[in-house]
file input09.txt (compact mmCIF, C-alpha atoms)
# COMPACT_ATOMS: atom_id res chain seq x y z
CA MET A 213 70.57 78.70 105.28
CA HIS A 214 74.06 77.40 105.96
CA ASP A 215 72.62 75.51 108.94
CA ARG A 216 72.02 72.23 107.13
CA GLY A 217 71.66 69.56 109.76
CA GLY A 218 68.52 67.57 109.14
CA TRP A 219 67.34 69.62 106.14
CA PRO A 220 64.82 67.48 104.34
CA THR A 221 66.57 65.92 101.39
CA GLN A 222 66.75 62.49 99.85
CA ALA A 223 69.56 63.61 97.60
CA PRO A 224 72.25 60.96 97.24
CA ILE A 225 75.82 61.75 98.14
CA ASP A 226 77.84 62.54 95.03
CA ARG A 227 81.13 60.83 95.79
CA ARG A 228 83.11 62.19 92.89
CA GLU A 229 86.17 64.06 94.04
CA HIS A 230 88.44 66.57 92.38
CA ASP A 231 91.94 67.71 93.15
CA LEU A 232 91.99 71.31 94.19
CA ALA A 233 92.70 73.62 91.27
CA ASP A 234 95.50 76.17 91.54
CA TRP A 235 93.05 79.00 92.10
CA GLU A 236 91.36 77.05 94.89
CA LEU A 237 94.66 76.39 96.64
CA LEU A 238 95.44 80.07 96.25
CA MET A 239 92.09 81.08 97.73
CA ASP A 240 92.54 78.74 100.68
CA ALA A 241 96.07 79.95 101.34
CA LEU A 242 95.13 83.61 100.88
CA GLU A 243 92.26 83.46 103.34
CA ASN A 244 94.30 81.59 105.92
CA THR A 245 97.16 84.06 105.50
CA LEU A 246 94.74 86.91 106.17
CA GLU A 247 93.62 85.12 109.31
CA ALA A 248 97.17 84.41 110.45
CA ARG A 249 97.92 88.13 110.05
CA GLY A 250 94.87 89.09 112.09
CA VAL A 251 93.25 90.91 109.17
CA MET A 252 90.14 88.77 109.55
CA ASN A 253 89.22 85.77 111.69
CA THR A 254 87.47 82.45 111.11
CA ASP A 255 84.22 83.61 112.71
CA GLU A 256 84.08 86.65 110.42
CA MET A 257 84.87 84.40 107.49
CA ARG A 258 81.97 82.11 108.35
CA ARG A 259 79.67 85.03 109.04
CA GLY A 260 80.44 86.41 105.59
CA ILE A 261 79.56 83.12 103.92
CA GLU A 262 76.35 82.97 105.92
CA SER A 263 75.34 86.35 104.51
CA MET A 264 75.19 84.98 100.97
CA PRO A 265 71.76 84.86 99.37
CA LEU A 266 70.44 81.29 99.56
CA ALA A 267 70.34 80.69 95.80
CA GLU A 268 73.93 81.81 95.41
CA TYR A 269 75.08 79.80 98.45
CA GLU A 270 73.58 76.66 96.96
CA SER A 271 74.83 77.15 93.43
CA VAL A 272 78.40 78.43 93.60
CA SER A 273 81.36 76.18 94.30
CA TYR A 274 82.98 75.88 97.71
CA TYR A 275 85.92 78.20 97.13
CA GLU A 276 83.69 80.74 95.38
CA ARG A 277 82.04 81.09 98.78
CA TRP A 278 85.46 81.77 100.25
CA LEU A 279 86.03 84.44 97.62
CA PHE A 280 82.67 86.02 98.41
CA THR A 281 83.32 86.19 102.12
CA THR A 282 86.88 87.44 101.79
CA GLU A 283 85.77 90.28 99.53
CA THR A 284 82.84 91.08 101.80
CA ILE A 285 84.86 91.18 105.00
CA LEU A 286 87.80 93.05 103.49
CA GLU A 287 85.49 95.69 102.04
CA GLU A 288 83.74 95.98 105.37
CA LYS A 289 87.09 96.62 107.02
CA GLY A 290 88.17 99.10 104.37
CA VAL A 291 91.08 96.91 103.28
CA LEU A 292 89.45 96.72 99.86
CA LEU A 293 87.78 99.79 98.42
CA PRO A 294 84.37 99.34 96.79
CA GLY A 295 84.80 98.41 93.15
CA GLU A 296 88.56 98.14 93.48
CA LEU A 297 88.68 94.43 92.73
CA ASP A 298 86.20 94.75 89.84
CA GLU A 299 88.45 97.36 88.34
CA ARG A 300 91.53 95.18 88.74
CA VAL A 301 89.83 92.15 87.17
CA SER A 302 88.65 94.09 84.16
CA SER A 303 91.88 95.97 83.59
CA MET B 201 82.99 75.31 134.62
CA THR B 202 79.26 74.91 134.95
CA PHE B 203 78.73 71.40 133.57
CA ALA B 204 80.48 68.07 133.90
CA ALA B 205 80.44 64.82 131.97
CA GLY B 206 77.22 63.00 132.72
CA ASP B 207 75.13 66.11 133.34
CA ASP B 208 71.76 66.22 131.61
CA VAL B 209 71.30 69.48 129.75
CA VAL B 210 68.87 71.15 127.38
CA VAL B 211 69.90 73.32 124.44
CA SER B 212 68.12 76.65 124.59
CA SER B 213 65.41 77.09 121.99
CA ARG B 214 65.74 80.87 121.92
CA GLU B 215 65.93 82.63 118.59
CA HIS B 216 69.19 84.10 117.51
CA THR B 217 70.12 86.50 114.78
CA GLY B 218 73.54 86.63 113.27
CA HIS B 219 76.45 84.26 113.40
CA ASN B 220 76.06 81.37 115.77
CA ARG B 221 77.36 77.83 116.13
CA THR B 222 74.31 76.19 117.73
CA PRO B 223 72.62 74.23 114.94
CA GLY B 224 68.87 74.62 114.62
CA TYR B 225 68.26 70.89 114.67
CA LEU B 226 69.56 70.73 118.26
CA LYS B 227 67.68 73.67 119.71
CA GLY B 228 65.35 72.66 122.49
CA ARG B 229 66.86 69.16 122.55
CA ARG B 230 67.79 67.37 125.73
CA GLY B 231 71.21 65.77 125.87
CA THR B 232 74.01 64.54 128.10
CA VAL B 233 77.38 66.17 128.49
CA VAL B 234 80.11 63.82 127.27
CA ARG B 235 83.08 66.07 127.81
CA ALA B 236 84.04 69.59 128.82
CA HIS B 237 86.46 71.12 126.33
CA ASP B 238 88.63 74.20 126.79
CA SER B 239 87.14 77.67 126.53
CA PHE B 240 87.17 79.51 123.23
CA ARG B 241 86.38 82.97 121.93
CA ASN B 242 82.64 83.54 121.57
CA PRO B 243 81.97 83.30 117.82
CA GLU B 244 78.83 85.40 118.14
CA THR B 245 80.84 88.50 119.00
CA HIS B 246 84.13 87.54 117.40
CA ALA B 247 82.40 87.47 114.04
CA TYR B 248 81.50 91.16 114.23
CA GLY B 249 84.73 92.89 115.10
CA GLY B 250 84.67 92.07 118.80
CA ASP B 251 87.47 90.17 120.45
CA GLY B 252 85.21 87.29 121.44
CA LEU B 253 86.18 87.65 125.08
CA PRO B 254 85.55 86.46 127.67
CA LYS B 255 86.14 82.96 126.35
CA GLU B 256 83.25 80.53 126.71
CA ARG B 257 83.49 76.95 127.75
CA LEU B 258 82.60 74.45 125.06
CA TYR B 259 80.95 71.10 125.77
CA LEU B 260 80.58 67.94 123.71
CA VAL B 261 76.94 66.96 124.23
CA SER B 262 75.26 63.72 123.13
CA PHE B 263 71.67 63.61 121.84
CA ALA B 264 69.43 60.70 120.93
CA LEU B 265 68.71 59.80 117.32
CA THR B 266 66.18 57.18 116.25
CA GLY B 267 67.00 53.55 116.78
CA GLY B 268 69.48 53.99 119.60
CA ASP B 269 71.98 56.02 117.59
CA ARG B 270 73.33 59.31 118.87
CA VAL B 271 74.39 62.68 117.49
CA LEU B 272 77.08 64.58 119.35
CA ALA B 273 77.90 68.26 118.91
CA ASP B 274 80.05 70.94 120.51
CA ILE B 275 77.81 73.50 122.19
CA PHE B 276 78.87 76.70 123.97
CA GLU B 277 77.96 77.05 127.61
CA HIS B 278 75.57 79.98 127.20
CA TRP B 279 73.36 77.79 125.03
CA LEU B 280 72.97 75.06 127.68
CA GLU B 281 70.70 74.85 130.67
CA ARG B 282 70.61 72.18 133.29
CA ALA B 283 67.80 69.74 132.51
CA ALA B 284 65.01 69.43 135.03
CA MET C 64 86.73 96.50 72.49
CA SER C 65 90.43 95.87 72.31
CA HIS C 66 91.56 92.47 71.08
CA ASP C 67 94.92 92.84 72.72
CA HIS C 68 95.40 89.51 74.51
CA SER C 69 97.33 91.08 77.33
CA HIS C 70 93.98 92.50 78.44
CA GLU C 71 92.32 89.12 78.62
CA PRO C 72 91.68 87.80 82.13
CA ILE C 73 94.25 85.18 83.02
CA THR C 74 92.02 82.12 83.05
CA THR C 75 92.09 78.89 81.13
CA ALA C 76 88.97 77.53 79.48
CA ALA C 77 88.43 75.02 82.29
CA GLU C 78 88.43 77.57 85.10
CA PRO C 79 85.43 79.52 86.34
CA PRO C 80 85.55 83.34 86.24
CA ALA C 81 86.24 83.21 89.97
CA ALA C 82 89.76 81.97 89.25
CA ALA C 83 90.85 85.25 87.69
CA ARG C 84 89.15 87.15 90.47
CA VAL C 85 91.02 85.20 93.13
CA ARG C 86 94.33 85.89 91.42
CA ALA C 87 93.50 89.57 91.08
CA LEU C 88 92.57 89.68 94.76
CA ALA C 89 95.86 88.08 95.76
CA ASP C 90 97.80 90.51 93.54
CA LEU C 91 95.97 93.49 95.02
CA LEU C 92 96.53 92.40 98.60
CA VAL C 93 100.22 91.75 97.97
CA GLU C 94 100.57 95.18 96.39
CA LYS C 95 98.86 96.74 99.36
CA ARG C 96 101.26 94.83 101.62
CA VAL C 97 98.35 93.30 103.46
CA VAL C 98 99.90 89.89 102.79
CA GLU C 99 103.21 88.67 101.43
CA ARG C 100 103.53 86.45 98.37
CA GLU C 101 106.00 84.18 100.15
CA GLU C 102 103.59 83.52 102.98
CA ILE C 103 100.86 82.51 100.55
CA ARG C 104 103.26 80.18 98.78
CA ARG C 105 104.25 78.54 102.05
CA ARG C 106 100.63 77.95 102.91
CA ILE C 107 99.93 76.43 99.51
CA ASP C 108 102.92 74.14 99.98
CA TRP C 109 101.64 73.17 103.39
CA LEU C 110 98.14 72.42 102.15
CA VAL C 111 99.47 70.30 99.30
CA SER C 112 101.68 68.39 101.74
CA ARG C 113 98.74 67.27 103.87
CA THR C 114 97.57 63.73 103.12
CA PRO C 115 95.64 60.98 104.90
CA ALA C 116 98.96 59.16 105.44
CA HIS C 117 99.51 61.42 108.43
CA GLY C 118 96.29 60.43 110.12
CA ALA C 119 96.92 56.80 109.20
CA ARG C 120 100.17 56.85 111.18
CA LEU C 121 98.31 58.09 114.22
CA VAL C 122 95.69 55.36 113.82
CA ALA C 123 98.29 52.62 113.34
CA ARG C 124 100.12 53.69 116.48
CA ALA C 125 96.83 53.74 118.40
CA TRP C 126 96.15 50.19 117.24
CA VAL C 127 99.48 48.83 118.53
CA ASP C 128 99.91 50.99 121.63
CA PRO C 129 96.87 51.18 123.97
CA SER C 130 98.33 53.94 126.13
CA PHE C 131 99.04 56.07 123.03
CA LYS C 132 95.45 55.43 122.00
CA GLU C 133 94.21 56.74 125.34
CA ARG C 134 96.30 59.86 124.89
CA ALA C 135 94.87 60.38 121.39
CA LEU C 136 91.33 60.03 122.73
CA ASP C 137 92.10 62.72 125.25
CA ASP C 138 94.17 65.04 123.07
CA ALA C 139 95.03 64.02 119.52
CA ARG C 140 96.99 67.25 118.96
CA LEU C 141 99.56 66.21 121.53
CA ALA C 142 99.45 62.59 120.39
CA ALA C 143 100.17 63.67 116.81
CA LEU C 144 103.08 65.80 117.97
CA GLU C 145 104.51 62.75 119.77
CA LEU C 146 104.82 61.10 116.35
CA GLY C 147 106.34 64.18 114.75
CA LEU C 148 103.10 64.88 112.90
CA ASP C 149 101.84 68.40 112.31
CA PRO C 150 98.36 68.65 113.89
CA GLY C 151 97.74 72.00 112.21
CA GLU C 152 96.40 75.21 113.63
CA SER C 153 93.20 73.85 115.16
CA PRO C 154 93.36 74.49 118.89
CA GLN C 155 92.01 71.06 119.72
CA VAL C 156 91.88 67.73 117.91
CA ILE C 157 90.28 64.67 119.46
CA ALA C 158 90.33 61.06 118.31
CA LEU C 159 87.14 58.98 118.46
CA GLU C 160 87.49 55.24 118.88
CA ASN C 161 85.32 52.79 116.97
CA THR C 162 84.65 49.52 118.77
CA ASP C 163 82.43 46.50 118.25
CA GLU C 164 79.68 48.44 120.02
CA VAL C 165 80.18 52.00 118.76
CA HIS C 166 80.79 53.48 115.30
CA HIS C 167 81.67 57.16 114.96
CA MET C 168 81.05 59.29 111.89
CA VAL C 169 82.16 62.93 111.56
CA VAL C 170 80.35 65.81 109.83
CA CYS C 171 80.23 69.61 109.92
CA THR C 172 76.60 70.51 109.31
CA LEU C 173 77.29 74.25 109.50
CA CYS C 174 80.21 74.46 107.07
CA SER C 175 83.13 72.10 106.42
CA CYS C 176 85.27 71.78 109.56
CA TYR C 177 87.67 68.88 109.06
CA PRO C 178 91.05 67.76 110.47
CA LYS C 179 92.87 68.70 107.26
CA ALA C 180 96.34 68.74 108.79
CA LEU C 181 96.00 64.99 109.38
CA LEU C 182 93.77 64.01 106.45
CA GLY C 183 94.47 66.57 103.74
CA PRO C 184 91.73 68.84 102.35
CA PRO C 185 88.21 67.45 102.76
CA PRO C 186 86.60 65.70 99.78
CA ASP C 187 83.79 67.44 97.95
CA TRP C 188 81.18 65.06 99.34
CA TYR C 189 82.08 65.97 102.92
CA LYS C 190 81.39 69.63 102.11
CA SER C 191 78.24 68.83 100.14
CA LEU C 192 74.77 69.89 101.22
CA PRO C 193 73.33 66.33 101.14
CA TYR C 194 76.06 64.96 103.42
CA ARG C 195 75.73 67.86 105.83
CA SER C 196 71.95 67.41 105.95
CA ARG C 197 71.63 63.65 106.02
CA ALA C 198 74.57 62.69 108.26
CA VAL C 199 72.62 63.78 111.34
CA SER C 200 69.15 62.70 110.24
CA ASP C 201 69.88 59.48 108.36
CA PRO C 202 73.42 58.36 109.22
CA ARG C 203 72.81 54.69 108.41
CA GLY C 204 71.40 55.68 105.02
CA VAL C 205 74.54 57.68 104.35
CA LEU C 206 76.78 54.82 105.50
CA ARG C 207 74.85 52.45 103.25
CA GLU C 208 75.68 54.68 100.30
CA PHE C 209 79.33 54.29 101.20
CA GLY C 210 78.83 50.54 101.30
CA LEU C 211 78.80 50.19 105.07
CA GLU C 212 75.96 48.29 106.71
CA LEU C 213 76.17 48.11 110.50
CA ASP C 214 74.35 45.71 112.78
CA GLU C 215 71.42 47.11 114.72
CA ASP C 216 73.22 46.51 118.00
CA VAL C 217 76.09 48.79 116.97
CA GLU C 218 75.50 52.36 118.13
CA VAL C 219 76.22 54.98 115.48
CA ARG C 220 77.53 58.25 116.93
CA VAL C 221 77.50 61.13 114.49
CA VAL C 222 79.85 63.86 115.67
CA ASP C 223 78.99 67.33 114.36
CA SER C 224 82.10 69.56 114.46
CA THR C 225 80.24 72.74 115.30
CA ALA C 226 83.03 74.73 116.90
CA ASP C 227 86.81 74.86 117.40
CA VAL C 228 87.43 71.15 117.98
CA ARG C 229 88.35 68.82 115.13
CA TYR C 230 87.67 65.09 115.18
CA ILE C 231 89.42 62.09 113.65
CA VAL C 232 88.09 58.55 113.83
CA ILE C 233 90.23 55.60 114.92
CA PRO C 234 88.48 52.85 112.96
CA ARG C 235 88.40 49.26 114.17
CA ARG C 236 91.55 47.32 113.46
CA PRO C 237 90.71 44.75 110.76
CA PRO C 238 90.86 41.07 111.75
CA GLY C 239 93.85 39.06 110.54
CA THR C 240 96.31 41.91 111.04
CA GLU C 241 98.06 40.60 114.12
CA GLY C 242 101.34 39.99 112.32
CA LEU C 243 101.56 43.37 110.58
CA ASP C 244 103.93 46.11 111.64
CA GLU C 245 102.88 49.74 112.07
CA GLU C 246 103.79 50.72 108.52
CA GLU C 247 101.76 47.85 107.09
CA LEU C 248 98.86 48.72 109.37
CA ALA C 249 98.97 52.38 108.36
CA ALA C 250 98.69 51.33 104.71
CA LEU C 251 95.26 49.81 105.48
CA VAL C 252 93.87 52.98 107.02
CA THR C 253 91.86 54.89 104.42
CA ARG C 254 90.83 58.51 104.62
CA ASP C 255 87.17 57.56 104.53
CA SER C 256 87.64 55.25 107.51
CA MET C 257 89.09 58.18 109.49
CA VAL C 258 86.00 60.24 108.70
CA GLY C 259 83.93 57.25 109.72
CA VAL C 260 82.00 56.51 106.55
CA THR C 261 83.76 53.23 105.78
CA GLU C 262 85.91 50.61 107.47
CA PRO C 263 89.64 50.35 106.75
CA ALA C 264 90.96 47.99 104.08
CA SER C 265 91.64 44.37 104.92
CA PRO C 266 95.06 42.81 104.48
CA SER C 267 95.28 41.28 101.02

call {"tool": "encode", "arguments": {"input": "input09.txt", "output": "structure tokens"}}
result
Amino acid sequence: MHDRGGWPTQAPIDRREHDLADWELLMDALENTLEARGVMNTDEMRRGIESMPLAEYESVSYYERWLFTTETILEEKGVLLPGELDERVSS
Amino acid sequence: MTFAAGDDVVVSSREHTGHNRTPGYLKGRRGTVVRAHDSFRNPETHAYGGDGLPKERLYLVSFALTGGDRVLADIFEHWLERAA
Amino acid sequence: MSHDHSHEPITTAAEPPAAARVRALADLLVEKRVVEREEIRRRIDWLVSRTPAHGARLVARAWVDPSFKERALDDARLAALELGLDPGESPQVIALENTDEVHHMVVCTLCSCYPKALLGPPPDWYKSLPYRSRAVSDPRGVLREFGLELDEDVEVRVVDSTADVRYIVIPRRPPGTEGLDEEELAALVTRDSMVGVTEPASPS
């Protein structure tokens, strides 16, 4: 569902732009730091995004996809324990 | 290196599961090699904890669009076959 | 439920819930020594430092120096380095030349691959589902939305960055710019013209 070339759509291009928010810059830098350290790689990162359910993929913002994949891959590798981030967010 | 600029090729139309960088809209399409790039780690294995080796050659291939326009894409060697 | 504000997630009203989650993730990973705070900061600084002015310098040089242009068409990473520009971590960057006969336009239908070291972070529209879908099925319709109408005898080449190579467009040099120096030329080169959805600005 990430494979979008030629998908039937007449939707116009929304040309509004936004400067990246602090949290988006952080997400970008964090993910790339993980890659630079060899904790995960770009192909894993993409694979993680591609595993999102279609409705979620289409509705969340760009860097929310990055968050999803980073959590997914890190949990898969045991770098993050299940529920560990939930617990940290709610504490 | 299997292909050279100017070679006519066809993108395989085989199914794939899992991570892959051959877009569906190009599968089964006939095109012409524009350029041979370097070789890169195979994303299909690199995405699942493998090392992506051996590296695969990547080719820029040109395909026809309507009205004389073209679409070009980078396709890995194992997705290309020589066109008849 | 406690009303102690120190237990509130650290988000402002304008941010989505994801913002707090990203910060918590960064904190956790720093604590676990998986990453270092300083490294993250350096990468943020780098990302913020990337602007289309970098790519514009490469284009302006290509316009005035045909042999530099040829080198950029072959290997824009090396060409960028010649100018002291940072081509980023992409293993390969290639420049695509627009001529009177050929107009290039870049997309990543599968995700959002983009030469961000030379152009800065990609705009939202480049990452959008409509652009990714329509660029390869209706490129002239997309260009029309950006205000660019090309003659029928111009060949549009849509380049889909599907793998490790990144692409930057060298747009056509505008007419009436013969007397301009490189700096003045670079000022005409817009980000959108280096993605290939518009032409550069004309001299005023």

call {"tool": "interface_residues", "arguments": {"input": "input09.txt", "of": "chain C", "to": "chain A", "cutoff": "8 Å", "atoms": "only C-alpha atoms", "output": "VMD selection string"}}
result
chain C and resid 70 72 81 to 89 91 97 to 98 102 to 104 106 to 107 110 172 to 174 186 to 188 190 to 200 205 208

call {"tool": "interface_residues", "arguments": {"input": "input09.txt", "of": "chain C", "to": "chain B", "cutoff": "8 Å", "atoms": "only C-alpha atoms", "output": "list of chain:residue names"}}
result
C:Thr172, C:Leu173, C:Val199, C:Ser200, C:Glu218, C:Val219, C:Arg220, C:Val221, C:Val222, C:Asp223, C:Ser224, C:Thr225, C:Ala226, C:Asp227, C:Val228

call {"tool": "closest_residue", "arguments": {"input": "input09.txt", "among": "B:Glu277, B:Asp208, B:Ala284, B:Gly252", "to": "chain A", "atoms": "all atoms listed in the file"}}
result
B:Gly252

call {"tool": "atom_distance", "arguments": {"input": "input09.txt", "atom1": "CA of Leu148 in chain C", "atom2": "CA of Arg120 in chain C"}}
result
8.7 Å

call {"tool": "closest_residue", "arguments": {"input": "input09.txt", "among": "A:Met252, A:Arg259, A:Leu293, A:Glu288", "to": "chain B", "atoms": "only C-alpha atoms"}}
result
A:Arg259

call {"tool": "atom_distance", "arguments": {"input": "input09.txt", "atom1": "CA of Pro185 in chain C", "atom2": "CA of Gly147 in chain C"}}
result
22.0 Å

call {"tool": "closest_residue", "arguments": {"input": "input09.txt", "among": "C:Ala77, C:Arg113, C:Leu182, C:Lys95", "to": "Arg254 in chain C", "atoms": "only C-alpha atoms"}}
result
C:Leu182

call {"tool": "closest_residue", "arguments": {"input": "input09.txt", "among": "A:Gly295, A:Gly260, A:Pro265, A:Gly290", "to": "chain B", "atoms": "only C-alpha atoms"}}
result
A:Gly260

call {"tool": "atom_distance", "arguments": {"input": "input09.txt", "atom1": "CA of Arg236 in chain C", "atom2": "CA of Glu212 in chain C"}}
result
17.0 Å

call {"tool": "residues_around", "arguments": {"input": "input09.txt", "residues": "Glu262 in chain C", "least_positions_apart": "4", "cutoff": "9 Å", "atoms": "only C-alpha atoms", "output": "list of chain:residue names"}}
result
C:Leu211, C:Pro234, C:Arg235, C:Arg236, C:Pro237, C:Val252, C:Thr253, C:Asp255, C:Ser256, C:Met257

call {"tool": "write_last_selection", "arguments": {"input": "input09.txt", "atoms": "C-alpha atoms", "output": "PDB file, in the coordinates of the input"}}
result
ATOM      1  CA  LEU C 211      78.800  50.190 105.070  1.00  0.00           C
ATOM      2  CA  PRO C 234      88.480  52.850 112.960  1.00  0.00           C
ATOM      3  CA  ARG C 235      88.400  49.260 114.170  1.00  0.00           C
ATOM      4  CA  ARG C 236      91.550  47.320 113.460  1.00  0.00           C
ATOM      5  CA  PRO C 237      90.710  44.750 110.760  1.00  0.00           C
ATOM      6  CA  VAL C 252      93.870  52.980 107.020  1.00  0.00           C
ATOM      7  CA  THR C 253      91.860  54.890 104.420  1.00  0.00           C
ATOM      8  CA  ASP C 255      87.170  57.560 104.530  1.00  0.00           C
ATOM      9  CA  SER C 256      87.640  55.250 107.510  1.00  0.00           C
ATOM     10  CA  MET C 257      89.090  58.180 109.490  1.00  0.00           C
TER      11      MET C 257
END

call {"tool": "residues_near_point", "arguments": {"input": "input09.txt", "point": "(97.7, 64.4, 100.1)", "cutoff": "10 Å", "atoms": "only C-alpha atoms", "output": "PyMOL selection string"}}
result
(chain A and resi 231) or (chain C and resi 110-117+179-184)

call {"tool": "closest_residue", "arguments": {"input": "input09.txt", "among": "A:Pro294, A:Glu247, A:Glu268, A:Lys289", "to": "chain B", "atoms": "all atoms listed in the file"}}
result
A:Lys289

call {"tool": "closest_residue", "arguments": {"input": "input09.txt", "among": "B:Val210, B:Ala236, B:Arg229, B:Tyr248", "to": "chain A", "atoms": "all atoms listed in the file"}}
result
B:Tyr248

call {"tool": "decode", "arguments": {"input": "input09.txt", "residues": "range 110-178 of chain C", "atoms": "C-alpha atoms", "output": "mmCIF file, in the first residue's frame"}}
result
data_model
loop_
_atom_site.group_PDB
_atom_site.id
_atom_site.type_symbol
_atom_site.label_atom_id
_atom_site.label_comp_id
_atom_site.auth_asym_id
_atom_site.auth_seq_id
_atom_site.Cartn_x
_atom_site.Cartn_y
_atom_site.Cartn_z
ATOM 1 C CA LEU C 110 19.297 18.943 8.854
ATOM 2 C CA VAL C 111 18.435 22.544 9.667
ATOM 3 C CA SER C 112 21.526 23.723 7.789
ATOM 4 C CA ARG C 113 20.434 22.098 4.540
ATOM 5 C CA THR C 114 18.787 24.507 2.095
ATOM 6 C CA PRO C 115 18.146 24.716 -1.646
ATOM 7 C CA ALA C 116 20.953 27.302 -1.867
ATOM 8 C CA HIS C 117 23.388 24.401 -1.912
ATOM 9 C CA GLY C 118 21.816 22.775 -4.930
ATOM 10 C CA ALA C 119 21.475 26.174 -6.581
ATOM 11 C CA ARG C 120 25.253 26.646 -6.433
ATOM 12 C CA LEU C 121 25.744 23.337 -8.188
ATOM 13 C CA VAL C 122 23.233 24.314 -10.875
ATOM 14 C CA ALA C 123 24.771 27.753 -11.398
ATOM 15 C CA ARG C 124 28.217 26.238 -11.826
ATOM 16 C CA ALA C 125 26.806 23.709 -14.296
ATOM 17 C CA TRP C 126 25.298 26.559 -16.290
ATOM 18 C CA VAL C 127 28.596 28.444 -16.647
ATOM 19 C CA ASP C 128 31.006 25.504 -16.883
ATOM 20 C CA PRO C 129 30.062 22.771 -19.405
ATOM 21 C CA SER C 130 32.740 20.347 -18.238
ATOM 22 C CA PHE C 131 31.558 20.696 -14.624
ATOM 23 C CA LYS C 132 28.059 20.014 -15.887
ATOM 24 C CA GLU C 133 29.227 16.797 -17.532
ATOM 25 C CA ARG C 134 30.832 15.722 -14.279
ATOM 26 C CA ALA C 135 27.606 16.457 -12.383
ATOM 27 C CA LEU C 136 25.612 14.390 -14.872
ATOM 28 C CA ASP C 137 27.966 11.516 -14.258
ATOM 29 C CA ASP C 138 28.436 11.894 -10.512
ATOM 30 C CA ALA C 139 26.862 14.825 -8.693
ATOM 31 C CA ARG C 140 28.306 13.669 -5.359
ATOM 32 C CA LEU C 141 31.821 14.318 -6.578
ATOM 33 C CA ALA C 142 30.761 17.484 -8.402
ATOM 34 C CA ALA C 143 29.211 18.833 -5.198
ATOM 35 C CA LEU C 144 32.376 18.048 -3.268
ATOM 36 C CA GLU C 145 34.371 20.028 -5.856
ATOM 37 C CA LEU C 146 32.398 23.092 -4.777
ATOM 38 C CA GLY C 147 32.847 22.373 -1.089
ATOM 39 C CA LEU C 148 29.217 21.291 -0.808
ATOM 40 C CA ASP C 149 28.129 18.452 1.445
ATOM 41 C CA PRO C 150 26.378 15.856 -0.765
ATOM 42 C CA GLY C 151 25.115 13.975 2.283
ATOM 43 C CA GLU C 152 25.170 10.299 3.072
ATOM 44 C CA SER C 153 23.492 9.031 -0.094
ATOM 45 C CA PRO C 154 25.953 6.756 -1.861
ATOM 46 C CA GLN C 155 25.137 8.198 -5.252
ATOM 47 C CA VAL C 156 23.676 11.486 -6.472
ATOM 48 C CA ILE C 157 23.134 12.174 -10.153
ATOM 49 C CA ALA C 158 22.193 15.410 -11.901
ATOM 50 C CA LEU C 159 19.621 15.366 -14.706
ATOM 51 C CA GLU C 160 19.865 18.039 -17.368
ATOM 52 C CA ASN C 161 16.807 19.775 -18.768
ATOM 53 C CA THR C 162 17.132 20.932 -22.360
ATOM 54 C CA ASP C 163 14.845 22.364 -25.008
ATOM 55 C CA GLU C 164 13.904 18.780 -25.880
ATOM 56 C CA VAL C 165 13.795 17.061 -22.485
ATOM 57 C CA HIS C 166 12.269 18.023 -19.128
ATOM 58 C CA HIS C 167 13.033 15.924 -16.054
ATOM 59 C CA MET C 168 10.824 15.638 -12.988
ATOM 60 C CA VAL C 169 11.773 13.670 -9.848
ATOM 61 C CA VAL C 170 9.507 11.612 -7.567
ATOM 62 C CA CYS C 171 9.758 8.750 -5.085
ATOM 63 C CA THR C 172 6.598 6.720 -5.575
ATOM 64 C CA LEU C 173 7.534 4.221 -2.859
ATOM 65 C CA CYS C 174 8.363 6.648 -0.057
ATOM 66 C CA SER C 175 10.088 10.055 -0.082
ATOM 67 C CA CYS C 176 13.662 9.691 -1.330
ATOM 68 C CA TYR C 177 15.025 13.164 -2.027
ATOM 69 C CA PRO C 178 18.466 14.841 -2.269
#
